[in-house]
Amino acid sequence: MADRLIGQRLVDDMTDAELDRAARVEAVLPALRAAAEQADASGQFPVGHVALLREAGLLGLVVPQEYGGLGGGLRDLAAATFAMGSACPSTALAFFFHNTSASRGLLPLEAIDAGLFDDGDGPVVRAFAEQVLRRMAGGMWLANFASESVKSASANIAISTTARPATRDGVEGWLITGEKSFGCATGVADTYLVTARLDGTDTAAGLALFLVPREAEGVASRPAWDGLGMRGSANHGITLRDVWVPATEALTVPGAFVKMLQCSRGSFVGNQLAITAVYVGCAQGVYDETLQRLTSKTFADTGRPIAESPMHQVIIGDMTENLETAYLWLRRQLLLETSEPPIAPKAEVYRQWRLAKGSICENAFAVAVGAVKACGTSGATLHGTMGRALRDLSMGLVMTFPPERGRLEAAGMITADRSNDLFASVPK
């Protein structure tokens with residue numbers, strides 16, 4: 001139907017409340033689409049998008065209404081990143097990472113409700129969690145910095161950034177030192193949500209969270225990232241050199257990080273599948289433009305649409321199959337992580353995600369490859385829709401983990417019935 005929202009192409013059974021939230025997303029898409037080419041060419045995030053999304057209330061999309069947010073959930077976020085991905089994948093990616101910050105508020109609250117914290121730690125954990133959620137709902141953009149260049153054989157994300165106790169002007173706090181190699185909205189977000197290892201610890205139980213103002217002393221942006229794709233997401237990362245954070249802006253309760261993880265339906269991030277919705281949205285966008293080109297242009301000698309040639313029919317068929325395969329994987333994962341009551345145990349949901357992420361991204365990338373083939377040299381420009389989509393979708397092959405690692409881990413879980421940690425603490 002012509003009047004359907006773009007987000008409904010992914011989530012086609014939206015409730016009235018979800019439709020209202022999706023309409024807010026739809027309203028910002030023209031501005032995102034208009035700025036996409038320049039963002040890619042310059043490699044810079046369009047700073048005006050921060051105010052645009054804030055004024056639309058979307059920075060609190062997945063924050064419960066009791067904390068001032070829109071009350072959306074994972075279905076809303078997936079529909080939003082999908083729709084934004086069809087307009088400007090870079091902005092969609094940055095918006096996704098802002099929303100991952102909400103899990104640092106929602107999961108601790110779930111862990112409290114599940115009785116994982118005692119009476120002494122519970123109030124401290126709750127105070128931090130509610131602080132994160134209220135700030136997001138109030139329009140603060142949070143950049144979620146966890147990833148580092150250090151690698152661990154036992155986990156996907158290894159944390160070597162350290163935090164040690166320090167008092168400043170009689171106020172207890174922490175000094176943070178480390179380097180975050182990846183995180184969208186560098187130099188753009190109001191506050192950086194930093195994951196660090198408490199000094200003297202060497203397990204995930206020692207991981208903690210810190211709210212670091214963008215302009216705090218000792219915080220600096222790493223050199224601009226001249227990346228292959230998603231160039232306008234400002235994801236070059238930060239360095240922290242003895243950055244002081246008051247204790248009230250930190251969650252350092254021992255074991256809190258691990259307890260939070262136990263309450264997620266999939267991975268610790270809690271909404272990670274929405275990152276793949278960015279790629280499917282981008283794939284849908286380039287697919288639509290390819291069909292428009294091929295059906296509107298004609299052969300000079302026959303006058304028939306180019307889309308009707310046997311070669312183009314084969315390519316279109318392949319693109320369609322790739323796109324539908326990406327949808328099937330994404331919708332299945334979305335069902336697994338949002339169904340109430342749950343239809344699968346957490347271990348199965350997590351294993352499915354390790355497979356789904358790679359399959360979604362590989363099929364989305366294949367759509368862009370088909371678009372380049374079908375449109376020929378006229379479409380193979382660096383900053384045109386086809387060129388941008390090819391580069392943007394290639395990022396899905398490496399971001400977080402490549403498809404091969406996901407399949408390896410899934411096979412290990414199946415054959416050895418073992419789990420894989422998302423985070424590890426790595427002492428220097």
# chains A, B, ... in the order shown; residues from 1 in each chain; ligands from 1
call {"tool": "residues_around", "arguments": {"residues": "A:Ala102", "least_positions_apart": "4", "cutoff": "10 Å", "atoms": "only C-alpha atoms", "output": "list in words"}}
result
Leu59, Gly60, Leu61, Val62, Val63, Pro64, Phe97, His98, Leu106, Leu107, Ala129, Glu130, Val132, Leu133, Arg134, Arg135, Met136, Ala137, Leu142, Asn144, Val269, Gly270 and Asn271 of chain A
call {"tool": "residues_around", "arguments": {"residues": "A:Arg351", "least_positions_apart": "3", "cutoff": "9 Å", "atoms": "only C-alpha atoms", "output": "number ranges by chain"}}
result
A: 266, 346-348, 354-356, 406-407, 409-411, 413-414, 419
call {"tool": "write_last_selection", "arguments": {"atoms": "C-alpha atoms", "output": "PDB file, in the first residue's frame"}}
result
ATOM      1  CA  GLY A 266      20.198 -12.307  23.200  1.00  0.00           C
ATOM      2  CA  LYS A 346      18.304 -17.761  25.797  1.00  0.00           C
ATOM      3  CA  ALA A 347      21.078 -20.107  24.655  1.00  0.00           C
ATOM      4  CA  GLU A 348      19.154 -20.929  21.490  1.00  0.00           C
ATOM      5  CA  ARG A 354      25.519 -15.728  15.813  1.00  0.00           C
ATOM      6  CA  LEU A 355      24.217 -17.267  12.584  1.00  0.00           C
ATOM      7  CA  ALA A 356      21.714 -14.566  11.699  1.00  0.00           C
ATOM      8  CA  GLY A 406      29.540 -16.397  14.116  1.00  0.00           C
ATOM      9  CA  ARG A 407      29.166 -19.734  12.376  1.00  0.00           C
ATOM     10  CA  GLU A 409      30.779 -20.161  17.534  1.00  0.00           C
ATOM     11  CA  ALA A 410      27.343 -21.522  16.678  1.00  0.00           C
ATOM     12  CA  ALA A 411      28.897 -24.828  15.634  1.00  0.00           C
ATOM     13  CA  MET A 413      27.664 -24.359  20.897  1.00  0.00           C
ATOM     14  CA  ILE A 414      25.909 -27.116  18.998  1.00  0.00           C
ATOM     15  CA  SER A 419      28.670 -20.556  25.488  1.00  0.00           C
TER      16      SER A 419
END
call {"tool": "residues_around", "arguments": {"residues": "A:Cys88", "least_positions_apart": "6", "cutoff": "12 Å", "atoms": "only C-alpha atoms", "output": "PDB file with all heavy atoms, in the first residue's frame"}}
result
ATOM      1  N   VAL A  28      11.462  12.318   9.763  1.00  0.00           N
ATOM      2  CA  VAL A  28      12.837  12.823   9.670  1.00  0.00           C
ATOM      3  C   VAL A  28      13.580  12.264   8.463  1.00  0.00           C
ATOM      4  O   VAL A  28      14.681  12.718   8.146  1.00  0.00           O
ATOM      5  CB  VAL A  28      13.636  12.518  10.955  1.00  0.00           C
ATOM      6  CG1 VAL A  28      12.921  13.056  12.177  1.00  0.00           C
ATOM      7  CG2 VAL A  28      13.923  11.027  11.103  1.00  0.00           C
ATOM      8  N   LEU A  29      13.011  11.297   7.774  1.00  0.00           N
ATOM      9  CA  LEU A  29      13.734  10.639   6.677  1.00  0.00           C
ATOM     10  C   LEU A  29      14.108  11.574   5.533  1.00  0.00           C
ATOM     11  O   LEU A  29      15.219  11.446   4.987  1.00  0.00           O
ATOM     12  CB  LEU A  29      12.915   9.457   6.150  1.00  0.00           C
ATOM     13  CG  LEU A  29      12.689   8.302   7.132  1.00  0.00           C
ATOM     14  CD1 LEU A  29      11.949   7.158   6.436  1.00  0.00           C
ATOM     15  CD2 LEU A  29      13.997   7.803   7.721  1.00  0.00           C
ATOM     16  N   PRO A  30      13.244  12.509   5.119  1.00  0.00           N
ATOM     17  CA  PRO A  30      13.656  13.404   4.030  1.00  0.00           C
ATOM     18  C   PRO A  30      14.942  14.166   4.339  1.00  0.00           C
ATOM     19  O   PRO A  30      15.806  14.317   3.468  1.00  0.00           O
ATOM     20  CB  PRO A  30      12.451  14.345   3.887  1.00  0.00           C
ATOM     21  CG  PRO A  30      11.291  13.526   4.343  1.00  0.00           C
ATOM     22  CD  PRO A  30      11.825  12.712   5.491  1.00  0.00           C
ATOM     23  N   ALA A  31      15.084  14.654   5.560  1.00  0.00           N
ATOM     24  CA  ALA A  31      16.296  15.385   5.929  1.00  0.00           C
ATOM     25  C   ALA A  31      17.514  14.469   5.943  1.00  0.00           C
ATOM     26  O   ALA A  31      18.605  14.856   5.515  1.00  0.00           O
ATOM     27  CB  ALA A  31      16.110  16.048   7.294  1.00  0.00           C
ATOM     28  N   LEU A  32      17.330  13.250   6.429  1.00  0.00           N
ATOM     29  CA  LEU A  32      18.436  12.293   6.429  1.00  0.00           C
ATOM     30  C   LEU A  32      18.852  11.958   5.010  1.00  0.00           C
ATOM     31  O   LEU A  32      20.050  11.895   4.695  1.00  0.00           O
ATOM     32  CB  LEU A  32      18.031  11.017   7.168  1.00  0.00           C
ATOM     33  CG  LEU A  32      18.328  10.940   8.663  1.00  0.00           C
ATOM     34  CD1 LEU A  32      17.691  12.080   9.425  1.00  0.00           C
ATOM     35  CD2 LEU A  32      17.857   9.600   9.237  1.00  0.00           C
ATOM     36  N   ARG A  33      17.873  11.737   4.156  1.00  0.00           N
ATOM     37  CA  ARG A  33      18.168  11.373   2.765  1.00  0.00           C
ATOM     38  C   ARG A  33      18.881  12.513   2.042  1.00  0.00           C
ATOM     39  O   ARG A  33      19.804  12.283   1.250  1.00  0.00           O
ATOM     40  CB  ARG A  33      16.867  10.995   2.063  1.00  0.00           C
ATOM     41  CG  ARG A  33      17.046  10.382   0.692  1.00  0.00           C
ATOM     42  CD  ARG A  33      15.745   9.852   0.139  1.00  0.00           C
ATOM     43  NE  ARG A  33      15.282   8.661   0.876  1.00  0.00           N
ATOM     44  CZ  ARG A  33      14.252   8.638   1.682  1.00  0.00           C
ATOM     45  NH1 ARG A  33      13.553   9.748   1.904  1.00  0.00           N
ATOM     46  NH2 ARG A  33      13.894   7.525   2.302  1.00  0.00           N
ATOM     47  N   ALA A  34      18.460  13.734   2.308  1.00  0.00           N
ATOM     48  CA  ALA A  34      19.042  14.891   1.633  1.00  0.00           C
ATOM     49  C   ALA A  34      20.507  15.105   2.007  1.00  0.00           C
ATOM     50  O   ALA A  34      21.294  15.617   1.201  1.00  0.00           O
ATOM     51  CB  ALA A  34      18.231  16.147   1.955  1.00  0.00           C
ATOM     52  N   ALA A  35      20.877  14.715   3.224  1.00  0.00           N
ATOM     53  CA  ALA A  35      22.246  14.949   3.694  1.00  0.00           C
ATOM     54  C   ALA A  35      23.166  13.751   3.497  1.00  0.00           C
ATOM     55  O   ALA A  35      24.369  13.842   3.766  1.00  0.00           O
ATOM     56  CB  ALA A  35      22.216  15.321   5.182  1.00  0.00           C
ATOM     57  N   ALA A  36      22.632  12.627   3.028  1.00  0.00           N
ATOM     58  CA  ALA A  36      23.402  11.378   2.983  1.00  0.00           C
ATOM     59  C   ALA A  36      24.626  11.462   2.091  1.00  0.00           C
ATOM     60  O   ALA A  36      25.717  11.021   2.464  1.00  0.00           O
ATOM     61  CB  ALA A  36      22.496  10.237   2.534  1.00  0.00           C
ATOM     62  N   GLU A  37      24.481  12.016   0.899  1.00  0.00           N
ATOM     63  CA  GLU A  37      25.610  12.041  -0.038  1.00  0.00           C
ATOM     64  C   GLU A  37      26.746  12.903   0.491  1.00  0.00           C
ATOM     65  O   GLU A  37      27.917  12.515   0.425  1.00  0.00           O
ATOM     66  CB  GLU A  37      25.158  12.551  -1.404  1.00  0.00           C
ATOM     67  CG  GLU A  37      26.268  12.510  -2.440  1.00  0.00           C
ATOM     68  CD  GLU A  37      25.786  12.787  -3.854  1.00  0.00           C
ATOM     69  OE1 GLU A  37      24.561  12.797  -4.078  1.00  0.00           O
ATOM     70  OE2 GLU A  37      26.646  12.993  -4.734  1.00  0.00           O
ATOM     71  N   GLN A  38      26.435  14.078   1.035  1.00  0.00           N
ATOM     72  CA  GLN A  38      27.475  14.951   1.563  1.00  0.00           C
ATOM     73  C   GLN A  38      28.140  14.348   2.793  1.00  0.00           C
ATOM     74  O   GLN A  38      29.355  14.473   2.977  1.00  0.00           O
ATOM     75  CB  GLN A  38      26.894  16.324   1.906  1.00  0.00           C
ATOM     76  CG  GLN A  38      27.906  17.314   2.459  1.00  0.00           C
ATOM     77  CD  GLN A  38      29.076  17.564   1.522  1.00  0.00           C
ATOM     78  OE1 GLN A  38      28.902  17.552   0.303  1.00  0.00           O
ATOM     79  NE2 GLN A  38      30.263  17.764   2.070  1.00  0.00           N
ATOM     80  N   ALA A  39      27.360  13.660   3.645  1.00  0.00           N
ATOM     81  CA  ALA A  39      27.940  13.010   4.820  1.00  0.00           C
ATOM     82  C   ALA A  39      28.952  11.961   4.415  1.00  0.00           C
ATOM     83  O   ALA A  39      30.029  11.833   5.009  1.00  0.00           O
ATOM     84  CB  ALA A  39      26.827  12.373   5.663  1.00  0.00           C
ATOM     85  N   ASP A  40      28.621  11.202   3.381  1.00  0.00           N
ATOM     86  CA  ASP A  40      29.534  10.174   2.882  1.00  0.00           C
ATOM     87  C   ASP A  40      30.769  10.798   2.252  1.00  0.00           C
ATOM     88  O   ASP A  40      31.897  10.378   2.508  1.00  0.00           O
ATOM     89  CB  ASP A  40      28.807   9.297   1.861  1.00  0.00           C
ATOM     90  CG  ASP A  40      29.723   8.289   1.194  1.00  0.00           C
ATOM     91  OD1 ASP A  40      30.026   7.263   1.842  1.00  0.00           O
ATOM     92  OD2 ASP A  40      30.146   8.529   0.046  1.00  0.00           O
ATOM     93  N   PHE A  45      29.645  13.310  10.266  1.00  0.00           N
ATOM     94  CA  PHE A  45      28.250  13.175  10.684  1.00  0.00           C
ATOM     95  C   PHE A  45      27.558  14.535  10.569  1.00  0.00           C
ATOM     96  O   PHE A  45      28.101  15.545  11.039  1.00  0.00           O
ATOM     97  CB  PHE A  45      28.189  12.678  12.125  1.00  0.00           C
ATOM     98  CG  PHE A  45      26.797  12.461  12.645  1.00  0.00           C
ATOM     99  CD1 PHE A  45      26.137  11.277  12.400  1.00  0.00           C
ATOM    100  CD2 PHE A  45      26.144  13.447  13.373  1.00  0.00           C
ATOM    101  CE1 PHE A  45      24.843  11.067  12.863  1.00  0.00           C
ATOM    102  CE2 PHE A  45      24.861  13.259  13.851  1.00  0.00           C
ATOM    103  CZ  PHE A  45      24.213  12.053  13.591  1.00  0.00           C
ATOM    104  N   PRO A  46      26.376  14.594   9.969  1.00  0.00           N
ATOM    105  CA  PRO A  46      25.648  15.868   9.881  1.00  0.00           C
ATOM    106  C   PRO A  46      25.174  16.303  11.267  1.00  0.00           C
ATOM    107  O   PRO A  46      24.223  15.745  11.806  1.00  0.00           O
ATOM    108  CB  PRO A  46      24.455  15.528   8.969  1.00  0.00           C
ATOM    109  CG  PRO A  46      24.854  14.267   8.251  1.00  0.00           C
ATOM    110  CD  PRO A  46      25.687  13.506   9.242  1.00  0.00           C
ATOM    111  N   HIS A  49      21.596  16.692  12.533  1.00  0.00           N
ATOM    112  CA  HIS A  49      20.730  15.540  12.798  1.00  0.00           C
ATOM    113  C   HIS A  49      20.511  15.326  14.286  1.00  0.00           C
ATOM    114  O   HIS A  49      19.507  14.725  14.683  1.00  0.00           O
ATOM    115  CB  HIS A  49      21.340  14.271  12.191  1.00  0.00           C
ATOM    116  CG  HIS A  49      21.250  14.214  10.688  1.00  0.00           C
ATOM    117  ND1 HIS A  49      20.593  15.168   9.952  1.00  0.00           N
ATOM    118  CD2 HIS A  49      21.741  13.297   9.796  1.00  0.00           C
ATOM    119  CE1 HIS A  49      20.684  14.851   8.665  1.00  0.00           C
ATOM    120  NE2 HIS A  49      21.356  13.743   8.546  1.00  0.00           N
ATOM    121  N   ALA A  80      12.955   1.478  13.117  1.00  0.00           N
ATOM    122  CA  ALA A  80      13.557   2.802  12.963  1.00  0.00           C
ATOM    123  C   ALA A  80      14.898   2.732  12.251  1.00  0.00           C
ATOM    124  O   ALA A  80      15.158   3.518  11.325  1.00  0.00           O
ATOM    125  CB  ALA A  80      13.725   3.456  14.335  1.00  0.00           C
ATOM    126  N   THR A  81      15.770   1.824  12.670  1.00  0.00           N
ATOM    127  CA  THR A  81      17.084   1.744  12.026  1.00  0.00           C
ATOM    128  C   THR A  81      16.961   1.242  10.595  1.00  0.00           C
ATOM    129  O   THR A  81      17.743   1.639   9.725  1.00  0.00           O
ATOM    130  CB  THR A  81      18.041   0.849  12.824  1.00  0.00           C
ATOM    131  OG1 THR A  81      17.461  -0.453  13.007  1.00  0.00           O
ATOM    132  CG2 THR A  81      18.337   1.463  14.191  1.00  0.00           C
ATOM    133  N   PHE A  82      15.971   0.386  10.338  1.00  0.00           N
ATOM    134  CA  PHE A  82      15.703  -0.066   8.970  1.00  0.00           C
ATOM    135  C   PHE A  82      15.306   1.124   8.106  1.00  0.00           C
ATOM    136  O   PHE A  82      15.853   1.326   7.010  1.00  0.00           O
ATOM    137  CB  PHE A  82      14.586  -1.110   8.988  1.00  0.00           C
ATOM    138  CG  PHE A  82      14.024  -1.440   7.631  1.00  0.00           C
ATOM    139  CD1 PHE A  82      14.651  -2.378   6.815  1.00  0.00           C
ATOM    140  CD2 PHE A  82      12.890  -0.810   7.162  1.00  0.00           C
ATOM    141  CE1 PHE A  82      14.147  -2.675   5.558  1.00  0.00           C
ATOM    142  CE2 PHE A  82      12.373  -1.101   5.903  1.00  0.00           C
ATOM    143  CZ  PHE A  82      13.012  -2.038   5.103  1.00  0.00           C
ATOM    144  N   ALA A  94      24.737   5.422  13.736  1.00  0.00           N
ATOM    145  CA  ALA A  94      24.992   6.248  14.919  1.00  0.00           C
ATOM    146  C   ALA A  94      23.786   6.248  15.848  1.00  0.00           C
ATOM    147  O   ALA A  94      23.929   6.191  17.078  1.00  0.00           O
ATOM    148  CB  ALA A  94      25.344   7.678  14.493  1.00  0.00           C
ATOM    149  N   PHE A  95      22.590   6.317  15.278  1.00  0.00           N
ATOM    150  CA  PHE A  95      21.362   6.280  16.077  1.00  0.00           C
ATOM    151  C   PHE A  95      21.234   4.944  16.790  1.00  0.00           C
ATOM    152  O   PHE A  95      20.825   4.889  17.960  1.00  0.00           O
ATOM    153  CB  PHE A  95      20.160   6.516  15.166  1.00  0.00           C
ATOM    154  CG  PHE A  95      18.835   6.496  15.871  1.00  0.00           C
ATOM    155  CD1 PHE A  95      18.465   7.531  16.704  1.00  0.00           C
ATOM    156  CD2 PHE A  95      17.946   5.440  15.692  1.00  0.00           C
ATOM    157  CE1 PHE A  95      17.229   7.518  17.353  1.00  0.00           C
ATOM    158  CE2 PHE A  95      16.723   5.413  16.340  1.00  0.00           C
ATOM    159  CZ  PHE A  95      16.366   6.459  17.171  1.00  0.00           C
ATOM    160  N   GLY A 229      33.100   2.293   4.477  1.00  0.00           N
ATOM    161  CA  GLY A 229      31.681   2.597   4.443  1.00  0.00           C
ATOM    162  C   GLY A 229      31.200   3.168   5.754  1.00  0.00           C
ATOM    163  O   GLY A 229      31.952   3.232   6.725  1.00  0.00           O
ATOM    164  N   MET A 230      29.946   3.611   5.803  1.00  0.00           N
ATOM    165  CA  MET A 230      29.369   4.282   6.967  1.00  0.00           C
ATOM    166  C   MET A 230      30.260   5.464   7.373  1.00  0.00           C
ATOM    167  O   MET A 230      30.516   5.710   8.554  1.00  0.00           O
ATOM    168  CB  MET A 230      29.209   3.317   8.145  1.00  0.00           C
ATOM    169  CG  MET A 230      28.433   2.061   7.832  1.00  0.00           C
ATOM    170  SD  MET A 230      26.684   2.377   7.606  1.00  0.00           S
ATOM    171  CE  MET A 230      26.043   0.710   7.435  1.00  0.00           C
ATOM    172  N   ARG A 231      30.696   6.216   6.366  1.00  0.00           N
ATOM    173  CA  ARG A 231      31.714   7.247   6.584  1.00  0.00           C
ATOM    174  C   ARG A 231      31.201   8.443   7.374  1.00  0.00           C
ATOM    175  O   ARG A 231      31.990   9.200   7.947  1.00  0.00           O
ATOM    176  CB  ARG A 231      32.255   7.709   5.236  1.00  0.00           C
ATOM    177  CG  ARG A 231      33.080   6.650   4.512  1.00  0.00           C
ATOM    178  CD  ARG A 231      33.446   7.080   3.088  1.00  0.00           C
ATOM    179  NE  ARG A 231      33.972   8.420   3.024  1.00  0.00           N
ATOM    180  CZ  ARG A 231      35.224   8.746   3.323  1.00  0.00           C
ATOM    181  NH1 ARG A 231      36.078   7.799   3.717  1.00  0.00           N
ATOM    182  NH2 ARG A 231      35.637   9.987   3.231  1.00  0.00           N
ATOM    183  N   GLY A 232      29.883   8.615   7.413  1.00  0.00           N
ATOM    184  CA  GLY A 232      29.333   9.765   8.118  1.00  0.00           C
ATOM    185  C   GLY A 232      28.829   9.453   9.504  1.00  0.00           C
ATOM    186  O   GLY A 232      27.959  10.158  10.018  1.00  0.00           O
ATOM    187  N   SER A 233      29.373   8.411  10.128  1.00  0.00           N
ATOM    188  CA  SER A 233      28.887   8.018  11.452  1.00  0.00           C
ATOM    189  C   SER A 233      29.799   8.461  12.585  1.00  0.00           C
ATOM    190  O   SER A 233      29.537   8.170  13.744  1.00  0.00           O
ATOM    191  CB  SER A 233      28.697   6.498  11.518  1.00  0.00           C
ATOM    192  OG  SER A 233      29.890   5.829  11.164  1.00  0.00           O
ATOM    193  N   VAL A 278      19.786  -1.896   9.907  1.00  0.00           N
ATOM    194  CA  VAL A 278      20.390  -0.806   9.132  1.00  0.00           C
ATOM    195  C   VAL A 278      20.787  -1.313   7.756  1.00  0.00           C
ATOM    196  O   VAL A 278      20.509  -0.696   6.721  1.00  0.00           O
ATOM    197  CB  VAL A 278      21.626  -0.229   9.852  1.00  0.00           C
ATOM    198  CG1 VAL A 278      22.307   0.825   8.969  1.00  0.00           C
ATOM    199  CG2 VAL A 278      21.250   0.365  11.198  1.00  0.00           C
ATOM    200  N   TYR A 279      21.451  -2.479   7.733  1.00  0.00           N
ATOM    201  CA  TYR A 279      21.947  -3.033   6.476  1.00  0.00           C
ATOM    202  C   TYR A 279      20.800  -3.478   5.568  1.00  0.00           C
ATOM    203  O   TYR A 279      20.858  -3.298   4.344  1.00  0.00           O
ATOM    204  CB  TYR A 279      22.886  -4.195   6.765  1.00  0.00           C
ATOM    205  CG  TYR A 279      24.108  -3.782   7.543  1.00  0.00           C
ATOM    206  CD1 TYR A 279      24.314  -4.205   8.853  1.00  0.00           C
ATOM    207  CD2 TYR A 279      25.052  -2.938   6.982  1.00  0.00           C
ATOM    208  CE1 TYR A 279      25.418  -3.808   9.577  1.00  0.00           C
ATOM    209  CE2 TYR A 279      26.166  -2.531   7.688  1.00  0.00           C
ATOM    210  CZ  TYR A 279      26.353  -2.963   8.992  1.00  0.00           C
ATOM    211  OH  TYR A 279      27.438  -2.558   9.702  1.00  0.00           O
ATOM    212  N   GLY A 281      17.798  -2.199   5.550  1.00  0.00           N
ATOM    213  CA  GLY A 281      17.197  -0.966   5.047  1.00  0.00           C
ATOM    214  C   GLY A 281      17.994  -0.390   3.891  1.00  0.00           C
ATOM    215  O   GLY A 281      17.426   0.056   2.877  1.00  0.00           O
ATOM    216  N   CYS A 282      19.305  -0.390   4.031  1.00  0.00           N
ATOM    217  CA  CYS A 282      20.170   0.090   2.953  1.00  0.00           C
ATOM    218  C   CYS A 282      19.999  -0.775   1.710  1.00  0.00           C
ATOM    219  O   CYS A 282      19.909  -0.268   0.582  1.00  0.00           O
ATOM    220  CB  CYS A 282      21.620   0.089   3.417  1.00  0.00           C
ATOM    221  SG  CYS A 282      22.820   0.635   2.165  1.00  0.00           S
ATOM    222  N   ALA A 283      19.954  -2.093   1.896  1.00  0.00           N
ATOM    223  CA  ALA A 283      19.777  -3.018   0.771  1.00  0.00           C
ATOM    224  C   ALA A 283      18.440  -2.784   0.080  1.00  0.00           C
ATOM    225  O   ALA A 283      18.350  -2.803  -1.157  1.00  0.00           O
ATOM    226  CB  ALA A 283      19.884  -4.454   1.258  1.00  0.00           C
ATOM    227  N   GLY A 285      16.814   0.015  -0.035  1.00  0.00           N
ATOM    228  CA  GLY A 285      16.908   1.282  -0.746  1.00  0.00           C
ATOM    229  C   GLY A 285      17.602   1.154  -2.089  1.00  0.00           C
ATOM    230  O   GLY A 285      17.127   1.696  -3.099  1.00  0.00           O
ATOM    231  N   VAL A 286      18.724   0.445  -2.116  1.00  0.00           N
ATOM    232  CA  VAL A 286      19.449   0.305  -3.384  1.00  0.00           C
ATOM    233  C   VAL A 286      18.714  -0.628  -4.328  1.00  0.00           C
ATOM    234  O   VAL A 286      18.763  -0.470  -5.555  1.00  0.00           O
ATOM    235  CB  VAL A 286      20.905  -0.159  -3.132  1.00  0.00           C
ATOM    236  CG1 VAL A 286      20.968  -1.624  -2.743  1.00  0.00           C
ATOM    237  CG2 VAL A 286      21.769   0.101  -4.358  1.00  0.00           C
ATOM    238  N   THR A 385      24.216   6.288  -5.330  1.00  0.00           N
ATOM    239  CA  THR A 385      23.514   5.338  -4.468  1.00  0.00           C
ATOM    240  C   THR A 385      24.151   3.957  -4.499  1.00  0.00           C
ATOM    241  O   THR A 385      24.351   3.326  -3.458  1.00  0.00           O
ATOM    242  CB  THR A 385      22.039   5.233  -4.891  1.00  0.00           C
ATOM    243  OG1 THR A 385      21.430   6.524  -4.788  1.00  0.00           O
ATOM    244  CG2 THR A 385      21.286   4.255  -3.997  1.00  0.00           C
ATOM    245  N   ARG A 388      27.724   4.043  -2.809  1.00  0.00           N
ATOM    246  CA  ARG A 388      27.619   4.197  -1.353  1.00  0.00           C
ATOM    247  C   ARG A 388      27.101   2.918  -0.715  1.00  0.00           C
ATOM    248  O   ARG A 388      27.609   2.468   0.314  1.00  0.00           O
ATOM    249  CB  ARG A 388      26.686   5.362  -0.992  1.00  0.00           C
ATOM    250  CG  ARG A 388      27.211   6.723  -1.346  1.00  0.00           C
ATOM    251  CD  ARG A 388      26.572   7.821  -0.498  1.00  0.00           C
ATOM    252  NE  ARG A 388      25.127   7.729  -0.431  1.00  0.00           N
ATOM    253  CZ  ARG A 388      24.290   8.292  -1.289  1.00  0.00           C
ATOM    254  NH1 ARG A 388      24.767   8.966  -2.324  1.00  0.00           N
ATOM    255  NH2 ARG A 388      22.982   8.190  -1.130  1.00  0.00           N
ATOM    256  N   ALA A 389      26.074   2.321  -1.338  1.00  0.00           N
ATOM    257  CA  ALA A 389      25.494   1.103  -0.756  1.00  0.00           C
ATOM    258  C   ALA A 389      26.506  -0.027  -0.746  1.00  0.00           C
ATOM    259  O   ALA A 389      26.591  -0.792   0.223  1.00  0.00           O
ATOM    260  CB  ALA A 389      24.248   0.699  -1.535  1.00  0.00           C
ATOM    261  N   ASP A 392      28.873   0.860   2.111  1.00  0.00           N
ATOM    262  CA  ASP A 392      28.192   0.792   3.414  1.00  0.00           C
ATOM    263  C   ASP A 392      27.883  -0.647   3.810  1.00  0.00           C
ATOM    264  O   ASP A 392      28.084  -1.050   4.963  1.00  0.00           O
ATOM    265  CB  ASP A 392      26.893   1.608   3.378  1.00  0.00           C
ATOM    266  CG  ASP A 392      27.132   3.104   3.424  1.00  0.00           C
ATOM    267  OD1 ASP A 392      28.257   3.517   3.760  1.00  0.00           O
ATOM    268  OD2 ASP A 392      26.194   3.861   3.121  1.00  0.00           O
ATOM    269  N   LEU A 393      27.396  -1.423   2.871  1.00  0.00           N
ATOM    270  CA  LEU A 393      27.004  -2.796   3.191  1.00  0.00           C
ATOM    271  C   LEU A 393      28.200  -3.705   3.392  1.00  0.00           C
ATOM    272  O   LEU A 393      28.089  -4.735   4.064  1.00  0.00           O
ATOM    273  CB  LEU A 393      26.082  -3.337   2.104  1.00  0.00           C
ATOM    274  CG  LEU A 393      24.693  -2.680   2.100  1.00  0.00           C
ATOM    275  CD1 LEU A 393      23.903  -3.048   0.855  1.00  0.00           C
ATOM    276  CD2 LEU A 393      23.914  -3.058   3.352  1.00  0.00           C
TER     277      LEU A 393
END
call {"tool": "residues_around", "arguments": {"residues": "stretch 321-329 of chain A", "least_positions_apart": "3", "cutoff": "12 Å", "atoms": "only C-alpha atoms", "output": "number ranges by chain"}}
result
A: 9-12, 78, 82, 273, 276-288, 314-318, 332-336, 352-371
call {"tool": "closest_residue", "arguments": {"among": "A:Thr298, A:Thr415, A:Ser160, A:Thr167", "to": "A:Gly206", "atoms": "only C-alpha atoms"}}
result
A:Ser160
call {"tool": "closest_residue", "arguments": {"among": "A:Ala92, A:Val245, A:Ala220, A:Ala143", "to": "A:Leu175", "atoms": "only C-alpha atoms"}}
result
A:Val245
call {"tool": "atom_distance", "arguments": {"atom1": "atom CA of A:Pro403", "atom2": "atom CA of A:Leu74"}}
result
22.6 Å
call {"tool": "select_by_dssp", "arguments": {"residues": "stretch 15-205 of chain A", "states": "alpha helix (DSSP H)", "output": "PyMOL selection string"}}
result
chain A and resi 16-42+48-55+74-87+89-100+103-113+122-137
call {"tool": "residues_around", "arguments": {"residues": "A:Asp20", "least_positions_apart": "2", "cutoff": "12 Å", "atoms": "only C-alpha atoms", "output": "PyMOL selection string"}}
result
chain A and resi 5+7-8+14-18+22-27+56-58+61+70-72+76+80
call {"tool": "closest_residue", "arguments": {"among": "A:Ala247, A:Ala234, A:Thr91, A:Ala41", "to": "A:Arg168", "atoms": "only C-alpha atoms"}}
result
A:Ala247
